Amino acid sequence: MPSQFFLPDPEGQVPSPEGYFGAYGGKFIPEALVAAVDEVAVEYDKAKSDPEFARELDDLLVHYTGRPSALTEVPRFAAHAGGARVFLKREDLNHTGSHKINNVLGQALLTRRMGKTRVIAETGAGQHGVATATACALFGLDCTIYMGEVDTRRQALNVARMRMLGAEVVAVKSGSRTLKDAINEAFRDWVANVDHTHYLFGTVAGPHPFPAMVRDFHRVIGVEARRQVLEQAGRLPDAAIACVGGGSNAIGLFHAFIPDASVRLIGCEPAGHGIETGEHAATLSAGEPGILHGSRSYVLQDDEGQITEPYSISAGLDYPGIGPEHSYLKDSGRGEYRAVTDAAAMEALRLLSRTEGIIPAIESAHALAGALEVGRELGEDGLIVVNLSGRGDKDMDTAARYFGLYDTDAEVAENASGSAEIEGDAK
Amino acid sequence: MSGNVRLLDDTLAAAKAEGRAALIAYLPAGFPTVDGGIEAVKAALDGGADIVEVGLPHSDPVLDGPVIQTADDIALRGGVKIADVLRTVREAHAATGKPVLVMTYWNPIDRYGVERFTAELAEAGGAGCILPDLPVQESALWREHAEKHGLATVFVVAPSSKDGRLAEITAAGSGFVYAASLMGVTGTRETVSSQAEDLVRRTRATTDLPVCVGLGVSNPRQAAEVAAFADGVIVGSAFVKRMLDAPDHAAAVEGVRALAGELAKGVRGTA
């Protein structure tokens, strides 16, 4: 029986054998990692054509993750979007609370096939870390998660979740102490422990085959959404909208719609305090092609190739790179990318909460803010699918401070000391 | 003006003729300041290093351990630029007549421009470049320009490199081959990994280029151990650590000179 949920890219849309999407991608890695990365590519190729792999992954995606995820129409929210119809692809309802589990389960199966016993991963908002820790608990693998120190504070709940699941969480104190630095540290670990360790990379960046493989594991998002919107609205949407940090949930939603020329693919990047302030992480809007973390893509960098420190209120989008396929979609014009400020994202977060009873992750709120804008541009005949990539539980402390939801200052202070305790590594 | 790849070849050949391994020192440019870094590089060469690698500090040094990360941070906070790296090469070579290479992650070169960087490095008297995150498959443009400007392209091989791949890498490289003694990032270690000797043997089977061993060598005893089976011994973090631990800059420079002297005895088996 063909797979229902593991839906790798059909022929014709894969990157070149060297891993290039047009001018972007490739494999810029130290020699020490070449054998391991090649092994991942070979093993993934074998897995793709192995019905047993598809059967196992399908089984997990249905009975563990809860796929297919719902497509929910949100009319009270859409009233603020120029009257366009808006549907949310509910990846927030997956087990662990975000789209990340799709990729993690696929790579966890691959880890087992490669005979490796330990998994490492980076995490920004903690959603990929939680999903990875979850899969490691399920498969009995040792798990170490690297997370920037800044992020361990703003996503303290997820640090606790990972530790509850048995993972070691390392707070990374180098550089900007965010996602980029967590990836640097994970690479250092991988180089030293590659014989028994798989680096379960969490987004569609990194060296080939990661951008294509991670996309394939998330492709199910768009395949389901396309079928669901046809069933529920009777036609294809005018736009598919998703937030982009590294770009995994966006490519997952977009990919099945690429052949549908009438569907605009719109990625929403974090503009932070505004691109003009320099405090942002809008890589495609403000970056230039370069090499970061193993592939060529747009990068936030200075004139001498030093990576500049990104900023976003959202830990999951606070990254100065972007998956190479997005760079390709941008240059070819097939993808459109716009920047959404912290303020616009937080407003959208509150609006969805109050109009629909759905609290989104701050990451996904960037896509919702984009949908409000695009809906007004399209008017009441418009039809939009937004990827609600994650739920907002993890962000409640940030949101409560932002909107002043705590009762007293004393409680805020108490809460702050509570999250500070989580900073150190409890090995 | 052509770069000094010949000087590099001759230096390695001369060490071999003396029946010993060459001593190759690594120090990042701009650490602790541009001028201070130039003094340190000269001290390494004066103290007994045959060759020096000048590091181009990077914001994201994924192959470096905490010691070199700290030095890179200090250099970048001090505002070090590629022009300063090139000045370090120029002054170190001019003062000592010895071969000076640059070691750098790929993105700064990609951004600066391959043609411009190779021309300027050659003009500064540089002998070549070590590019640890540029795999041979992605290196055609670099090699074309490096060759045109008389610069060596030093590739890194690792214990995990399979024999077929070693042959591909050494066929594309020049100057010498950088054999990483172990799987890991830069930093000092107590013992030299047993993987190193096997890697040198497998690498030599594919090439006549000298094979130099780096990663984890920090003292004369280890240098002597590696010198027994390799054509060169590369030491980086130990120099940087001496400088970080020194009470002031003068002591840091003297520490570099002294360590180079000790290691030079190590590679001659006279420590």
# chains A, B, ... in the order shown; residues from 1 in each chain; ligands from 1

call {"tool": "residues_around", "arguments": {"residues": "region 63-69 of chain A", "least_positions_apart": "2", "cutoff": "8 Å", "atoms": "only C-alpha atoms", "output": "PyMOL selection string"}}
result
chain A and resi 5+59-61+71+89-91+93-95+101-102+224

call {"tool": "select_by_dssp", "arguments": {"residues": "region 156-384 of chain A", "states": "alpha helix (DSSP H)", "output": "VMD selection string"}}
result
chain A and resid 156 to 164 179 to 193 210 to 218 220 to 233 248 to 254 283 to 286 324 to 332 342 to 356 362 to 378

call {"tool": "interface_residues", "arguments": {"of": "chain A", "to": "chain B", "cutoff": "9 Å", "atoms": "only C-alpha atoms", "output": "PyMOL selection string"}}
result
chain A and resi 26-36+174-175+180-181+183-195+289-294+302-308

call {"tool": "residues_around", "arguments": {"residues": "Asn158 (chain A)", "least_positions_apart": "3", "cutoff": "12 Å", "atoms": "only C-alpha atoms", "output": "ChimeraX atom specification"}}
result
/A:96-97,123-134,145,147,151-155,161-165,167,169,315,392-397,419,422-423

call {"tool": "select_by_dssp", "arguments": {"residues": "region 342-414 of chain A", "states": "strand (DSSP E or B)", "output": "list in words"}}
result
Pro360, Leu383, Ile384, Val385, Val386, Asn387, Leu388, Gly390 and Arg391 of chain A

call {"tool": "write_last_selection", "arguments": {"atoms": "C-alpha atoms", "output": "short mmCIF file (atom, residue, chain, number, x, y, z; two decimals), in the first residue's frame"}}
result
data_model
loop_
_atom_site.label_atom_id
_atom_site.label_comp_id
_atom_site.auth_asym_id
_atom_site.auth_seq_id
_atom_site.Cartn_x
_atom_site.Cartn_y
_atom_site.Cartn_z
CA PRO A 360 -0.64 30.37 18.44
CA LEU A 383 -8.96 32.62 0.15
CA ILE A 384 -5.90 32.01 2.32
CA VAL A 385 -4.34 28.96 3.96
CA VAL A 386 -2.03 29.76 6.87
CA ASN A 387 0.25 27.23 8.48
CA LEU A 388 -0.37 27.36 12.20
CA GLY A 390 2.83 25.59 16.62
CA ARG A 391 0.84 26.33 19.71
#

call {"tool": "residues_around", "arguments": {"residues": "Glu43 (chain A)", "least_positions_apart": "3", "cutoff": "12 Å", "atoms": "only C-alpha atoms", "output": "ChimeraX atom specification"}}
result
/A:36-40,46-50,53,106-107,109-115,209,213

call {"tool": "write_last_selection", "arguments": {"atoms": "N, CA and C atoms", "output": "PDB file, in the first residue's frame"}}
result
ATOM      1  N   ALA A  36      29.929  11.030   7.379  1.00  0.00           N
ATOM      2  CA  ALA A  36      28.654  10.917   8.095  1.00  0.00           C
ATOM      3  C   ALA A  36      27.500  11.514   7.293  1.00  0.00           C
ATOM      4  N   VAL A  37      27.749  12.656   6.665  1.00  0.00           N
ATOM      5  CA  VAL A  37      26.695  13.290   5.876  1.00  0.00           C
ATOM      6  C   VAL A  37      26.368  12.432   4.648  1.00  0.00           C
ATOM      7  N   ASP A  38      27.401  11.854   4.056  1.00  0.00           N
ATOM      8  CA  ASP A  38      27.168  10.946   2.926  1.00  0.00           C
ATOM      9  C   ASP A  38      26.354   9.726   3.372  1.00  0.00           C
ATOM     10  N   GLU A  39      26.647   9.247   4.574  1.00  0.00           N
ATOM     11  CA  GLU A  39      25.915   8.088   5.089  1.00  0.00           C
ATOM     12  C   GLU A  39      24.426   8.422   5.250  1.00  0.00           C
ATOM     13  N   VAL A  40      24.147   9.627   5.741  1.00  0.00           N
ATOM     14  CA  VAL A  40      22.750  10.049   5.885  1.00  0.00           C
ATOM     15  C   VAL A  40      22.069  10.056   4.508  1.00  0.00           C
ATOM     16  N   LYS A  46      17.873   4.980   0.499  1.00  0.00           N
ATOM     17  CA  LYS A  46      17.387   3.602   0.647  1.00  0.00           C
ATOM     18  C   LYS A  46      16.023   3.601   1.326  1.00  0.00           C
ATOM     19  N   ALA A  47      15.897   4.402   2.370  1.00  0.00           N
ATOM     20  CA  ALA A  47      14.648   4.437   3.147  1.00  0.00           C
ATOM     21  C   ALA A  47      13.481   4.895   2.278  1.00  0.00           C
ATOM     22  N   LYS A  48      13.760   5.873   1.407  1.00  0.00           N
ATOM     23  CA  LYS A  48      12.704   6.446   0.570  1.00  0.00           C
ATOM     24  C   LYS A  48      12.006   5.399  -0.277  1.00  0.00           C
ATOM     25  N   SER A  49      12.784   4.420  -0.714  1.00  0.00           N
ATOM     26  CA  SER A  49      12.181   3.415  -1.593  1.00  0.00           C
ATOM     27  C   SER A  49      11.873   2.113  -0.849  1.00  0.00           C
ATOM     28  N   ASP A  50      11.950   2.163   0.485  1.00  0.00           N
ATOM     29  CA  ASP A  50      11.684   0.954   1.272  1.00  0.00           C
ATOM     30  C   ASP A  50      10.273   1.030   1.863  1.00  0.00           C
ATOM     31  N   PHE A  53       9.950   1.220   5.639  1.00  0.00           N
ATOM     32  CA  PHE A  53      10.200   2.534   6.250  1.00  0.00           C
ATOM     33  C   PHE A  53       8.926   3.384   6.185  1.00  0.00           C
ATOM     34  N   GLY A 106      10.798  10.893  11.303  1.00  0.00           N
ATOM     35  CA  GLY A 106      11.477  10.358  10.120  1.00  0.00           C
ATOM     36  C   GLY A 106      12.963  10.154  10.379  1.00  0.00           C
ATOM     37  N   GLN A 107      13.601  11.179  10.914  1.00  0.00           N
ATOM     38  CA  GLN A 107      15.049  11.066  11.167  1.00  0.00           C
ATOM     39  C   GLN A 107      15.361  10.110  12.314  1.00  0.00           C
ATOM     40  N   LEU A 109      13.757   7.312  12.907  1.00  0.00           N
ATOM     41  CA  LEU A 109      13.763   5.996  12.253  1.00  0.00           C
ATOM     42  C   LEU A 109      15.069   5.785  11.491  1.00  0.00           C
ATOM     43  N   LEU A 110      15.523   6.846  10.845  1.00  0.00           N
ATOM     44  CA  LEU A 110      16.769   6.771  10.077  1.00  0.00           C
ATOM     45  C   LEU A 110      17.961   6.518  11.001  1.00  0.00           C
ATOM     46  N   THR A 111      17.949   7.169  12.163  1.00  0.00           N
ATOM     47  CA  THR A 111      19.013   6.984  13.152  1.00  0.00           C
ATOM     48  C   THR A 111      19.121   5.508  13.532  1.00  0.00           C
ATOM     49  N   ARG A 112      17.958   4.904  13.758  1.00  0.00           N
ATOM     50  CA  ARG A 112      17.938   3.499  14.132  1.00  0.00           C
ATOM     51  C   ARG A 112      18.475   2.633  12.985  1.00  0.00           C
ATOM     52  N   ARG A 113      18.078   2.974  11.757  1.00  0.00           N
ATOM     53  CA  ARG A 113      18.569   2.205  10.598  1.00  0.00           C
ATOM     54  C   ARG A 113      20.082   2.311  10.457  1.00  0.00           C
ATOM     55  N   MET A 114      20.655   3.467  10.837  1.00  0.00           N
ATOM     56  CA  MET A 114      22.105   3.646  10.728  1.00  0.00           C
ATOM     57  C   MET A 114      22.844   2.996  11.894  1.00  0.00           C
ATOM     58  N   GLY A 115      22.095   2.491  12.862  1.00  0.00           N
ATOM     59  CA  GLY A 115      22.723   1.826  14.005  1.00  0.00           C
ATOM     60  C   GLY A 115      23.348   2.793  14.997  1.00  0.00           C
ATOM     61  N   PRO A 209      22.197  16.103   2.488  1.00  0.00           N
ATOM     62  CA  PRO A 209      20.810  16.069   1.999  1.00  0.00           C
ATOM     63  C   PRO A 209      19.778  16.705   2.944  1.00  0.00           C
ATOM     64  N   MET A 213      15.756  16.401   2.546  1.00  0.00           N
ATOM     65  CA  MET A 213      15.196  15.347   3.391  1.00  0.00           C
ATOM     66  C   MET A 213      14.194  15.920   4.401  1.00  0.00           C
TER      67      MET A 213
END

call {"tool": "closest_residue", "arguments": {"among": "A:Leu317, A:Ala343, A:Ala261, A:Val220", "to": "His99 (chain A)", "atoms": "only C-alpha atoms"}}
result
A:Val220

call {"tool": "closest_residue", "arguments": {"among": "B:Val217, B:Leu209, B:Pro247, B:Ser2", "to": "Lys16 (chain B)", "atoms": "only C-alpha atoms"}}
result
B:Leu209

call {"tool": "atom_distance", "arguments": {"atom1": "CA of Arg55 (chain A)", "atom2": "CA of Ser3 (chain A)"}}
result
6.7 Å

call {"tool": "decode", "arguments": {"residues": "region 277-333 of chain A", "atoms": "C-alpha atoms", "output": "PDB file, in the first residue's frame"}}
result
ATOM      1  CA  THR A 277      16.612  49.467  13.073  1.00  0.00           C
ATOM      2  CA  GLY A 278      19.045  46.673  12.241  1.00  0.00           C
ATOM      3  CA  GLU A 279      17.387  44.568  14.967  1.00  0.00           C
ATOM      4  CA  HIS A 280      15.715  41.858  12.918  1.00  0.00           C
ATOM      5  CA  ALA A 281      16.197  38.386  11.476  1.00  0.00           C
ATOM      6  CA  ALA A 282      14.751  39.032   8.008  1.00  0.00           C
ATOM      7  CA  THR A 283      17.334  37.045   6.084  1.00  0.00           C
ATOM      8  CA  LEU A 284      15.690  37.059   2.650  1.00  0.00           C
ATOM      9  CA  SER A 285      14.606  40.693   2.852  1.00  0.00           C
ATOM     10  CA  ALA A 286      17.900  42.086   4.111  1.00  0.00           C
ATOM     11  CA  GLY A 287      20.601  39.426   3.590  1.00  0.00           C
ATOM     12  CA  GLU A 288      23.029  38.499   0.815  1.00  0.00           C
ATOM     13  CA  PRO A 289      24.083  35.082  -0.473  1.00  0.00           C
ATOM     14  CA  GLY A 290      26.764  33.426   1.614  1.00  0.00           C
ATOM     15  CA  ILE A 291      27.625  30.243   3.451  1.00  0.00           C
ATOM     16  CA  LEU A 292      26.370  29.380   6.908  1.00  0.00           C
ATOM     17  CA  HIS A 293      25.989  25.972   8.539  1.00  0.00           C
ATOM     18  CA  GLY A 294      26.915  23.936   5.523  1.00  0.00           C
ATOM     19  CA  SER A 295      25.112  25.443   2.560  1.00  0.00           C
ATOM     20  CA  ARG A 296      24.948  28.484   0.326  1.00  0.00           C
ATOM     21  CA  SER A 297      21.863  30.602   0.846  1.00  0.00           C
ATOM     22  CA  TYR A 298      20.877  34.105   1.875  1.00  0.00           C
ATOM     23  CA  VAL A 299      22.653  35.091   5.094  1.00  0.00           C
ATOM     24  CA  LEU A 300      22.688  38.148   7.344  1.00  0.00           C
ATOM     25  CA  GLN A 301      26.326  39.201   7.144  1.00  0.00           C
ATOM     26  CA  ASP A 302      28.630  42.196   6.931  1.00  0.00           C
ATOM     27  CA  ASP A 303      30.888  43.169   4.016  1.00  0.00           C
ATOM     28  CA  GLU A 304      33.618  40.813   5.204  1.00  0.00           C
ATOM     29  CA  GLY A 305      31.507  37.700   5.577  1.00  0.00           C
ATOM     30  CA  GLN A 306      31.053  37.853   9.341  1.00  0.00           C
ATOM     31  CA  ILE A 307      27.568  36.713  10.328  1.00  0.00           C
ATOM     32  CA  THR A 308      25.631  39.509  12.025  1.00  0.00           C
ATOM     33  CA  GLU A 309      23.603  38.935  15.166  1.00  0.00           C
ATOM     34  CA  PRO A 310      19.914  38.503  14.455  1.00  0.00           C
ATOM     35  CA  TYR A 311      17.040  39.616  16.658  1.00  0.00           C
ATOM     36  CA  SER A 312      13.411  38.536  16.955  1.00  0.00           C
ATOM     37  CA  ILE A 313      10.969  38.279  19.853  1.00  0.00           C
ATOM     38  CA  SER A 314      10.422  34.763  18.542  1.00  0.00           C
ATOM     39  CA  ALA A 315      13.208  32.360  19.529  1.00  0.00           C
ATOM     40  CA  GLY A 316      12.282  30.015  16.703  1.00  0.00           C
ATOM     41  CA  LEU A 317      12.742  32.651  13.998  1.00  0.00           C
ATOM     42  CA  ASP A 318      15.814  34.332  15.508  1.00  0.00           C
ATOM     43  CA  TYR A 319      18.263  32.980  12.920  1.00  0.00           C
ATOM     44  CA  PRO A 320      20.537  34.756  10.391  1.00  0.00           C
ATOM     45  CA  GLY A 321      20.214  32.036   7.720  1.00  0.00           C
ATOM     46  CA  ILE A 322      17.454  30.387   5.676  1.00  0.00           C
ATOM     47  CA  GLY A 323      17.015  27.093   3.879  1.00  0.00           C
ATOM     48  CA  PRO A 324      18.476  27.139   0.347  1.00  0.00           C
ATOM     49  CA  GLU A 325      15.224  26.170  -1.350  1.00  0.00           C
ATOM     50  CA  HIS A 326      13.630  29.384  -0.058  1.00  0.00           C
ATOM     51  CA  SER A 327      16.493  31.405  -1.553  1.00  0.00           C
ATOM     52  CA  TYR A 328      15.798  29.618  -4.811  1.00  0.00           C
ATOM     53  CA  LEU A 329      12.049  30.318  -4.594  1.00  0.00           C
ATOM     54  CA  LYS A 330      12.764  33.967  -3.840  1.00  0.00           C
ATOM     55  CA  ASP A 331      15.152  34.476  -6.749  1.00  0.00           C
ATOM     56  CA  SER A 332      12.868  32.633  -9.162  1.00  0.00           C
ATOM     57  CA  GLY A 333       9.922  34.764  -8.029  1.00  0.00           C
TER      58      GLY A 333
END
